[in-house]
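Below is one structure, written out as structure tokens, with a few remarks after it.
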Number of protein chains: 2
Amino acid sequence: MPMANPFDTLNEPIAQRIITGLAKVSTALRSQAWQGAEAQGLTPTQGQVLTLLQSATGDGMRLSAIAAGLATSPATASDAVSTLVKKGLVTRERATDDRRAIAIRLTDAGLAQAQQAASWPDFLLDAVDTLPPDEQAIFFKGLTAIIRKLQEQNNIPVSKMCVTCHYFAPYAHKDGDRPHHCNLVDAPFGDRDLRLDCPEHLP
Amino acid sequence: MPMANPFDTLNEPIAQRIITGLAKVSTALRSQAWQGAEAQGLTPTQGQVLTLLQSATGDGMRLSAIAAGLATSPATASDAVSTLVKKGLVTRERATDDRRAIAIRLTDAGLAQAQQAASWPDFLLDAVDTLPPDEQAIFFKGLTAIIRKLQEQNNIPVSKMCVTCHYFAPYAHKDGDRPHHCNLVDAPFGDRDLRLDCPEHLP
DNA sequence: AAGTATTATTTAGGAGTACTAATAATTAAG
DNA sequence: CTTAATTATTAGTACTCCTAAATAATACTT
């Protein structure tokens with residue numbers, strides 16, 4: 001029997017410390033978003049709206065979809081869109097198919113700002129790249145599992161992840177490296193290839 | 001040579017997808033903080049201040065320390081403290097040693113609220129516990145490395161981590177499981193025992 | 001010791017976030 | 001075809017967040 005580890009009793013459980021760590025990263029993301037935002041004459045929220053609109057189709061995006069993506073109330077999202085319209089970065093038109101709804105689209109100026117805003121979190125790149133590739137892969141796999149669970153618990157807006165996709169066949173192959181299969185592109189792939197935001201996603 | 005992996009070209013680099021994932025977790029943390037906060041008649045920022053004060057000594061905490069912990073400007077921190085004073089959760093007194101400074105302390109009511117606020121992120125526990133222990137350990141190790149790098153880059157307030165501690169002797173032992181040594185408690189420990197907030201920390 | 005920095009905090013001013021609740025306009029359902 | 005549900009906006013309130021300027025106390029310099 002191994003010697004008792006004094007840290008087992010001294011320390012919080014590892015899950016608790018992981019949460020502390022994630023909260024710290026979250027603080028960093030928020031404060032860096034402010035820095036990027038102010039440089040562009042925006043706010044973090046406005047930047048998030050623009051980023052979200054980047055992945056919208058030509059039909060534009062509903063207000064409710066934006067509110068869900070931001071995890072805020074529709075009222076807050078509506079405010080942010082109003083500000084962006086005033087700034088000329090976004091247009092707001094009645095939707096053709098449902099005339100209660102609106103279609104929100106990026107203008108050309110908005111697209112340019114959106115591309116910049118999407119790179120606000122890139123300050124994390126250097127930090128993430130301090131991890132060796134195999135640890136990155138495990139880290140990403142863990143992150144994917146956490147996000148999936150959060151979606152199940154309704155703590156986070158649902159996103160277009162492989163693991164919830166119609167085309168996703170988990171562990172369809174014996175290959176340890178690429179056990180999963182995507183029936184859309186008809187190819188095997190591994191945990192490190194999982195997507196969190198696939199445009200082709202079908203629930 | 002292995003067959004080309006179509007996902008290598010289709011997908012963003014894994015570091016980029018890790019960042020996307022961390023941003024999603026951050027969104028969840030923010031929105032859950034609102035839920036917890038409103039239930040207590042607070043805001044997320046106020047809750048963060050209370051949480052921070054929990055770990056302060058009897059001397060209380062400086063405003064500048066709170067601002068640093070929140071990664072906001074002193075003005076914002078001062079606002080939040082004022083609100084908390086009005087709510088009777090916090091006291092603000094002149095510091096005895098430096099009379100420019102103030103000593104901010106929790107009241108009894110404040111301590112009770114602080115304990116609740118500290119558990120706002122606990123909705124993540126179930127999600128983190130979906131990972132097997134060994135993956136949690138690697139995940140935590142990666143998180144620690146990322147946070148350390150962010151502190152070096154000044155993207156995040158410095159915290160009392162083992163890896164920056166005077167008492168920390170990394171890889172002092174041959175034991176693969178517990179290679180590090182803490183000279184304060186004079187005991188070997190491993191990556192899974194690393195702390196992000198040690199009260200005994202000495203830079 | 002006096003005068004000039006520097007540091008710690010507060011206030012003022014302004015834009016924006018965030019909530020709930022109430023309202024208007026459509027669409028869906030019985 | 002009328003009631004119910006959905007989509008978005010507005011009103012009202014509290015607070016966040018910034019910069020810049022003001023106040024006060026300590027530290028450094030000559």
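Identifiers in this document derive from the order of the structure tokens: chains are assigned A, B, ..., residues are numbered from 1 separately in each chain, and ligands are numbered from 1 in order of occurrence.
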*Restrict the distance test to only C-alpha atoms (C1' of nucleotides), flag each residue of chain A within 8 Å of chain C, and return the flagged residues as a PyMOL selection string.*
chain A and resi 43+72-73+76+98-100
*Return the neighbours of chain B among the residues of chain A, cut-off 6 Å, counting only C-alpha atoms, as a PyMOL selection string.*
chain A and resi 18+26+28+127-128+139-140+146+149+155-156
Determine, using only C-alpha atoms (C1' of nucleotides), which residues of chain D have any atom at most 10 Å from an atom of chain B, and tabulate each with its shortest atom pair and distance in Å to one decimal place, rows ordered by chain and then rising number, as a tab-separated table.
residue	atom	partner	partner_atom	distance
D:DA14	C1'	B:Thr43	CA	9.5
D:DC15	C1'	B:Thr43	CA	7.7
D:DT16	C1'	B:Thr76	CA	7.0
D:DC17	C1'	B:Thr76	CA	6.2
D:DC18	C1'	B:Ser73	CA	7.9
D:DT19	C1'	B:Ala75	CA	9.8
D:DA24	C1'	B:Arg100	CA	6.5
D:DA25	C1'	B:Arg100	CA	5.1
D:DT26	C1'	B:Asp98	CA	7.8
Any chance you could export the current selection's N, CA and C atoms (P, O5', C5', C4', C3', O3' and C1' of nucleotides) as a compact mmCIF listing (two decimals), in the first residue's frame?
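And here is the file that came out, out.txt:
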# COMPACT_ATOMS: atom_id res chain seq x y z
P DA D 14 -33.29 51.15 -9.38
O5' DA D 14 -32.03 50.19 -9.54
C5' DA D 14 -32.21 48.79 -9.49
C4' DA D 14 -30.93 48.14 -9.96
C3' DA D 14 -29.67 48.79 -9.38
O3' DA D 14 -28.83 47.75 -8.92
C1' DA D 14 -29.53 48.68 -11.72
P DC D 15 -27.57 48.01 -8.04
O5' DC D 15 -26.39 47.52 -9.00
C5' DC D 15 -26.60 46.40 -9.86
C4' DC D 15 -25.69 46.50 -11.05
C3' DC D 15 -24.26 46.93 -10.74
O3' DC D 15 -23.43 45.86 -11.09
C1' DC D 15 -25.07 47.94 -12.71
P DT D 16 -21.86 45.85 -10.81
O5' DT D 16 -21.26 45.86 -12.28
C5' DT D 16 -21.76 44.94 -13.23
C4' DT D 16 -21.20 45.24 -14.59
C3' DT D 16 -19.68 45.42 -14.62
O3' DT D 16 -19.22 44.70 -15.74
C1' DT D 16 -20.72 47.29 -15.62
P DC D 17 -17.72 44.14 -15.81
O5' DC D 17 -16.89 45.38 -16.37
C5' DC D 17 -16.90 45.63 -17.78
C4' DC D 17 -16.54 47.06 -18.07
C3' DC D 17 -15.31 47.61 -17.38
O3' DC D 17 -14.14 47.27 -18.10
C1' DC D 17 -17.03 49.25 -17.82
P DC D 18 -12.73 47.83 -17.62
O5' DC D 18 -12.67 49.25 -18.35
C5' DC D 18 -12.72 49.26 -19.76
C4' DC D 18 -12.98 50.64 -20.28
C3' DC D 18 -11.98 51.69 -19.79
O3' DC D 18 -10.89 51.74 -20.68
C1' DC D 18 -14.22 52.53 -19.66
P DT D 19 -9.56 52.47 -20.16
O5' DT D 19 -9.88 54.03 -20.38
C5' DT D 19 -10.35 54.50 -21.65
C4' DT D 19 -10.61 56.00 -21.55
C3' DT D 19 -9.40 56.81 -21.06
O3' DT D 19 -9.32 58.00 -21.81
C1' DT D 19 -11.24 57.15 -19.61
P DA D 24 -8.65 66.22 -0.23
O5' DA D 24 -7.67 65.10 0.35
C5' DA D 24 -8.16 63.77 0.50
C4' DA D 24 -6.97 62.84 0.51
C3' DA D 24 -5.85 63.30 1.44
O3' DA D 24 -5.80 62.38 2.53
C1' DA D 24 -5.03 62.47 -0.63
P DA D 25 -4.87 62.64 3.76
O5' DA D 25 -3.64 61.69 3.45
C5' DA D 25 -3.88 60.29 3.35
C4' DA D 25 -2.66 59.65 2.77
C3' DA D 25 -1.38 59.87 3.59
O3' DA D 25 -0.87 58.60 3.93
C1' DA D 25 -1.03 60.31 1.30
P DT D 26 0.38 58.47 4.87
O5' DT D 26 1.52 58.03 3.86
C5' DT D 26 1.36 56.81 3.13
C4' DT D 26 2.39 56.77 2.03
C3' DT D 26 3.85 56.73 2.50
O3' DT D 26 4.44 55.61 1.89
C1' DT D 26 3.57 58.34 0.81
*Go through segment 5-180 of chain B and collect every residue that DSSP, computed from the backbone, puts in strand (DSSP E or B); the answer should be as a ChimeraX atom specification.*
/B:61,90-94,102-106,168-169,180
Go ahead and save the picked residues with C-alpha atoms, as an mmCIF file, in the first residue's frame.
data_model
loop_
_atom_site.group_PDB
_atom_site.id
_atom_site.type_symbol
_atom_site.label_atom_id
_atom_site.label_comp_id
_atom_site.auth_asym_id
_atom_site.auth_seq_id
_atom_site.Cartn_x
_atom_site.Cartn_y
_atom_site.Cartn_z
ATOM 1 C CA MET B 61 -8.110 43.491 0.955
ATOM 2 C CA VAL B 90 -18.790 44.538 2.903
ATOM 3 C CA THR B 91 -17.034 47.215 4.977
ATOM 4 C CA ARG B 92 -14.632 49.814 3.696
ATOM 5 C CA GLU B 93 -12.140 51.291 6.177
ATOM 6 C CA ARG B 94 -8.970 53.273 5.887
ATOM 7 C CA ILE B 102 -8.519 51.032 2.178
ATOM 8 C CA ALA B 103 -9.174 47.708 3.853
ATOM 9 C CA ILE B 104 -12.209 45.935 2.451
ATOM 10 C CA ARG B 105 -13.710 43.169 4.569
ATOM 11 C CA LEU B 106 -16.719 40.872 4.436
ATOM 12 C CA PHE B 168 8.141 24.465 -5.231
ATOM 13 C CA ALA B 169 10.847 22.115 -6.458
ATOM 14 C CA HIS B 180 7.689 17.436 -7.498
#
*as a PyMOL selection string, which residues of segment 47-172 of chain A does DSSP assign to alpha helix (DSSP H)?*
chain A and resi 47-54+63-70+74-86+108-117+124-128+133-152
*Pick out the closest residue to Cys182 of chain A from this set: A:Ala65, A:Gln40, A:Leu84, A:Tyr167. Count only C-alpha atoms.*
A:Tyr167
